[in-house]
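Notes for the one structure printed next.
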There are 2 protein chains.
Amino acid sequence: MGRRRVTATDVARSLGVSRTTVGFVLNNTPGQTISEQTRRRVLDEAARLGYRPHRAAADLRRGSSKVILFVLPEWPMGFRSHQHLEEAALALDEAGYSLVTYARQTAGRSRPLWELLDPEVVVGMGPFDDEELASMRACGITKIVPDPEHTPPLAEWPTITQGPTLQVAHLHELGHRRIAFAGTADPRHSLLVDARVRATRAAAHRFELDPVDVALVDYRDDSGGATVRRWHDAGVTGVVAYNDDTAATVVGAAIRDGMSVPGDLAVIGHDDSPLAAMFVPAISSVRIDTVELGRHFAALALHEADGRPLPPRNVEADVAVVPRESTQDR
Amino acid sequence: MGRRRVTATDVARSLGVSRTTVGFVLNNTPGQTISEQTRRRVLDEAARLGYRPHRAAADLRRGSSKVILFVLPEWPMGFRSHQHLEEAALALDEAGYSLVTYARQTAGRSRPLWELLDPEVVVGMGPFDDEELASMRACGITKIVPDPEHTPPLAEWPTITQGPTLQVAHLHELGHRRIAFAGTADPRHSLLVDARVRATRAAAHRFELDPVDVALVDYRDDSGGATVRRWHDAGVTGVVAYNDDTAATVVGAAIRDGMSVPGDLAVIGHDDSPLAAMFVPAISSVRIDTVELGRHFAALALHEADGRPLPPRNVEADVAVVPRESTQDR
DNA sequence: CTGAAAGCGCTTACAG
DNA sequence: CTGAAAGCGCTTACAG
C-alpha cells in the first residue's frame with residue numbers, strides 16, 4: 001500500500017531493457033523502431049506494475065503542461081451550456097490535451113487557476129478583463145482565446161445575437177409592435193445583458209418596431225411590478241427577457257398586478273431552462289444547442305496550442321424558439 | 001516578450017548570491033538565518049524580474065503537489081452552496097495549499113482531474129463510487145475525504161438531515177398530519193433524494209405523523225398532475241419537496257389541476273433559490289447557510305494532508321425556514 | 001533495434 | 001550567515 005510510486009525505471013529494470021526504450025514505447029515516440037515484441041512486453045509490464053507517468057516530471061522536461069484551461073464566464077451558465085464543454089473535452093482529449101474548466105471565484109481572493117496549472121492555452125467563454133490579462137501575462141501565458149487584441153464586443157458574437165434576434169422575431173410574428181427588454185440587476189450578468197440589449201435593439205430596428213425600452217428587474221423587490229405598470233401604460237405589449245429567470249420575474253409581477261399574460265403582456269425568455277416549462281403560465285423561450293460550439297472552441301484552442309489550421313469563424317449555434325403559454329394563448 | 005522564463009538561478013546570478021539563498025528566502029524556509037538585508041534584496045529582485053516559481057519543478061522535487069481537489073457532487077449544487085467553496089479556498093490558501101474544484105463530466109469520457117493534478121487530498125462533497133475510488137487508488141491517491149472505509153450513509157450526515165427535518169416541522173406546526181415527499185426523477189439527484197426521503201420519514205415519525213408517501217415528479221410530463229391528484233384523494237395536505245424546482249413542479253401541477261395552494265395542498269421546497277421567491281404563488285423553502293461548512297471541509301482536508309488536529313465532527317449548518325405563500329395564506 | 005546520458009527548475013540536507 | 005551539490009522522474013538528441 002504505502003510503497004513509493006512506480007517509475008519508468010522500475011518498468012525498465014523489471015524487464016531488463018533501458019529506460020529509453022520504455023520511454024519510447026510509452027510515449028509512442030514517432031520515428032522509432034521498437035520491435036513489436038518489446039513494445040508489448042513494455043506495455044504489459046507497465047500495466048502489471050500499475051505504472052503511471054509522473055505529470056510534474058513530464059511537464060518539467062517537456063517545458064509545457066498539455067493543459068488547456070477553459071474559463072467559465074462570470075455569469076452563471078445555463079445548464080445546457082455545459083454540454084459544449086463535454087464536447088470540447090472530448091475533442092481535446094483526442095489531441096492529447098487535457099481540458100480543465102475554471103469557474104472564477106468572485107468573492108474569494110484565492111489565486112486564479114492559471115497560476116497553478118501553467119496551461120498552454122487559456123480559453124475564455126467571454127472576454128477577459130485587464131486585471132486578468134495582466135495576471136496571465138505575469139505567468140508567462142501568451143496563448144489566449146479570444147485574442148485580447150482583436151476581440152469583437154460581445155454584442156457582435158453571432159452566438160450572442162442569435163437568441164435575441166429570434167425572440168424579437170417571435171414577438172413580431174405575433175403582431176407586437178412595441179416591445180421592451182427586461183434584464184437582471186445581478187451585476188454578474190451585466191456584460192451579457194448589455195450585449196443582448198444591443199442585439200434586441202438591432203433586431204427591433206430591422207423589423208421596424210418602436211424603440212425598445214430597457215429595464216432591469218430584481219425578483220427580490222418590486223422593481224418587476226413598477227416596470228410592468230410603466231410598460232403597460234406606455235403601450236408595450238411584448239417583452240424580450242434576458243433569460244428565463246428574468247422572464248419569470250416579469251410574468252410573476254404582471255400576474256400579481258392583475259394583468260393577463262399573454263393577453264396584456266407577452267413575455268419570452270431565453271435558455272429554455274426547466275423553470276420556463278414549470279412556471280404557471282409556462283414561459284416561451286429560446287433553446288440554444290451548443291454542441292457545435294464546443295468543437296469550435298476546442299479547435300480554436302488547438303490552433304493556439306500547436307498551430308493546427310484555424311476553424312472557420314463565426315459559427316452559428318443551433319437556435320430555436322420554444323413557444324409556450326406566455327406568448328401564445330392555448 | 002518571447003524570452004524564456006525567469007528562474008531562481010536568474011535571480012541569484014543577478015544579485016551575486018547563491019541559488020540556495022534565493023530558495024531559502026522565497027520559500028520562507030524555517031530555521032534559516034538570512035540577513036534582513038539579503039532577504040529584501042532577493043525579494044525585490046525576484047519581483048523586478050517577474051520571477052514565478054515553476055510549479056512542475058517544485059512539485060517534482062517536493063514529491064507532492066500542494067493541491068487539494070474538491071469534487072463537486074453529481075447533483076447540481078444550489079447557487080448558495082458555492083459560498084462554502086469560497087470559504088474553504090481561503091482557509092486552504094492560508095495553509096499554503098491550493099483548492100481546485102472539479103465538476104465531474106458525466107457524459108464525457110475525459111479523464112478525471114485527479115489523474116491530472118496529483119492532488120494530495122481529494123475531498124468529496126458526497127460519497128465516491130467504487131469506480132472512482134479505484135481510479136484514485138490507481139493514481140496513488142490515498143488521502144480521501146470522507147474516508148471511504150468509514151463513510152456513514154448520506155442520510156445520516158447532519159447537514160443533509162437538517163433541511164428535511166425543518167420542512168416537516170414547519171408543516172407539522174401548521175397542523176398538517178398527512179404529508180408526502182416529492183422528489184425529482186432526474187437520476188443525478190437520486191442519492192440525495194434518497195437521503196432526504198429518509199430524513200423526512202424519520203422526522204415525520206418523530207412528530208407522529210401518518211406514513212409518508214413518496215413520488216418522483218418530472219416537470220416535462222404529467223407526473224406532477226397524476227401525483228397531486230393521487231395525494232389529494234389520499235388525504236395528503238402537505239408536501240415536502242426535494243428542492244425548489246420540485247416544489248415548483250408540484251405547485252404548478254396542483255394549480256393547473258384546479259387545486260388551491262396552500263388551501264388544498266401546502267408545499268415547502270428546499271434551498272431558497274431565486275425561483276422560490278419568483279414563483280406565483282411564492283414558494284416556502286429552507287435556507288441553508290454553509291459558510292461554516294466550508295471551513296469544516298477545509299479543516300478535514302488539512303488534517304489528511306499534513307496531520308493537523310481534526311476539527312470537531314458533525315457540524316450543523318445554519319438552517320432556517322423561509323415561509324412564503326405556498327404554505328401560509330397571506 | 002536499443003542504450004548511456006543530459007538536463008528541465010526546484011528544494012534541502014550538508015558543510016562550511 | 002551563505003554556498004556547492006544531489007536528485008525528484010521524465011523526454012529525447014545522440015551514438016551505437
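By convention in this document, the chains of the C-alpha cells carry letters A, B, ... by their order, each chain's residues are numbered from 1, and ligands are numbered from 1 in the order they are shown.
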Checklist entry - Do you know which residues are at most 9 Å from Val322 (chain A) counting only C-alpha atoms (C1' of nucleotides), after dropping those on the same chain fewer than 2 positions away, and could you put them as a ChimeraX atom specification? => result /A:272,283-287,320,324
Next on the checklist: With only C-alpha atoms (C1' of nucleotides) considered, list every residue of chain D at most 9 Å from chain A, as a list in words.
Outcome noted: DC8, DG9, DC10, DT11 and DT12 of chain D
Show me, as JSON lines, the residues of chain A having an atom within 8 Å of chain B, each with the closest atom pair and its distance in Å, using only C-alpha atoms.
```
{"residue": "A:Arg5", "atom": "CA", "partner": "B:Gly140", "partner_atom": "CA", "distance": 7.2}
{"residue": "A:Gly50", "atom": "CA", "partner": "B:Ala138", "partner_atom": "CA", "distance": 6.9}
{"residue": "A:Arg52", "atom": "CA", "partner": "B:Cys139", "partner_atom": "CA", "distance": 7.0}
{"residue": "A:Arg55", "atom": "CA", "partner": "B:Leu116", "partner_atom": "CA", "distance": 7.0}
{"residue": "A:Ala56", "atom": "CA", "partner": "B:Ala56", "partner_atom": "CA", "distance": 4.5}
{"residue": "A:Ala57", "atom": "CA", "partner": "B:Leu60", "partner_atom": "CA", "distance": 5.8}
{"residue": "A:Asp59", "atom": "CA", "partner": "B:Ala56", "partner_atom": "CA", "distance": 6.1}
{"residue": "A:Leu60", "atom": "CA", "partner": "B:Ala56", "partner_atom": "CA", "distance": 5.5}
{"residue": "A:Glu86", "atom": "CA", "partner": "B:Gly108", "partner_atom": "CA", "distance": 5.4}
{"residue": "A:Glu87", "atom": "CA", "partner": "B:Gly108", "partner_atom": "CA", "distance": 7.5}
{"residue": "A:Ala89", "atom": "CA", "partner": "B:Ser110", "partner_atom": "CA", "distance": 6.3}
{"residue": "A:Leu90", "atom": "CA", "partner": "B:Ser110", "partner_atom": "CA", "distance": 6.2}
{"residue": "A:Asp93", "atom": "CA", "partner": "B:Ser110", "partner_atom": "CA", "distance": 6.6}
{"residue": "A:Ser98", "atom": "CA", "partner": "B:Leu116", "partner_atom": "CA", "distance": 7.9}
{"residue": "A:Val100", "atom": "CA", "partner": "B:Leu113", "partner_atom": "CA", "distance": 7.6}
{"residue": "A:Gln105", "atom": "CA", "partner": "B:Glu86", "partner_atom": "CA", "distance": 6.8}
{"residue": "A:Ala107", "atom": "CA", "partner": "B:Glu86", "partner_atom": "CA", "distance": 7.1}
{"residue": "A:Gly108", "atom": "CA", "partner": "B:Glu86", "partner_atom": "CA", "distance": 5.5}
{"residue": "A:Arg109", "atom": "CA", "partner": "B:Leu90", "partner_atom": "CA", "distance": 7.1}
{"residue": "A:Ser110", "atom": "CA", "partner": "B:Leu90", "partner_atom": "CA", "distance": 6.3}
{"residue": "A:Leu113", "atom": "CA", "partner": "B:Val100", "partner_atom": "CA", "distance": 7.6}
{"residue": "A:Leu116", "atom": "CA", "partner": "B:Arg55", "partner_atom": "CA", "distance": 7.0}
{"residue": "A:Leu117", "atom": "CA", "partner": "B:Arg55", "partner_atom": "CA", "distance": 7.7}
{"residue": "A:Asp118", "atom": "CA", "partner": "B:Arg55", "partner_atom": "CA", "distance": 7.7}
{"residue": "A:Ala138", "atom": "CA", "partner": "B:Gly50", "partner_atom": "CA", "distance": 7.0}
{"residue": "A:Cys139", "atom": "CA", "partner": "B:Arg52", "partner_atom": "CA", "distance": 7.0}
{"residue": "A:Gly140", "atom": "CA", "partner": "B:Arg5", "partner_atom": "CA", "distance": 7.3}
{"residue": "A:Tyr219", "atom": "CA", "partner": "B:Met278", "partner_atom": "CA", "distance": 5.9}
{"residue": "A:Arg220", "atom": "CA", "partner": "B:Ala277", "partner_atom": "CA", "distance": 7.2}
{"residue": "A:Asp245", "atom": "CA", "partner": "B:Leu275", "partner_atom": "CA", "distance": 7.4}
{"residue": "A:Ala248", "atom": "CA", "partner": "B:Met278", "partner_atom": "CA", "distance": 6.6}
{"residue": "A:Thr249", "atom": "CA", "partner": "B:Met278", "partner_atom": "CA", "distance": 5.7}
{"residue": "A:Gly252", "atom": "CA", "partner": "B:Val280", "partner_atom": "CA", "distance": 6.0}
{"residue": "A:Arg256", "atom": "CA", "partner": "B:Val280", "partner_atom": "CA", "distance": 7.9}
{"residue": "A:Pro274", "atom": "CA", "partner": "B:Tyr219", "partner_atom": "CA", "distance": 7.2}
{"residue": "A:Leu275", "atom": "CA", "partner": "B:Asp245", "partner_atom": "CA", "distance": 7.3}
{"residue": "A:Ala277", "atom": "CA", "partner": "B:Tyr219", "partner_atom": "CA", "distance": 7.0}
{"residue": "A:Met278", "atom": "CA", "partner": "B:Thr249", "partner_atom": "CA", "distance": 5.6}
{"residue": "A:Phe279", "atom": "CA", "partner": "B:Gly252", "partner_atom": "CA", "distance": 6.6}
{"residue": "A:Val280", "atom": "CA", "partner": "B:Gly252", "partner_atom": "CA", "distance": 6.0}
```
Checklist entry - Where does DSSP see alpha helix (DSSP H) in region 75-238 of chain A, if you list the residues as a ChimeraX atom specification? => result /A:82-94,113-117,130-138,158-173,190-206,223-233
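Going from CA of His205 (chain B) over to CA of Phe181 (chain B), you cover 13.6 Å.
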Item to check | Interatomic distance, CA of Pro158 (chain A) to CA of Ala95 (chain A) (Å, one decimal) | outcome: 27.0 Å
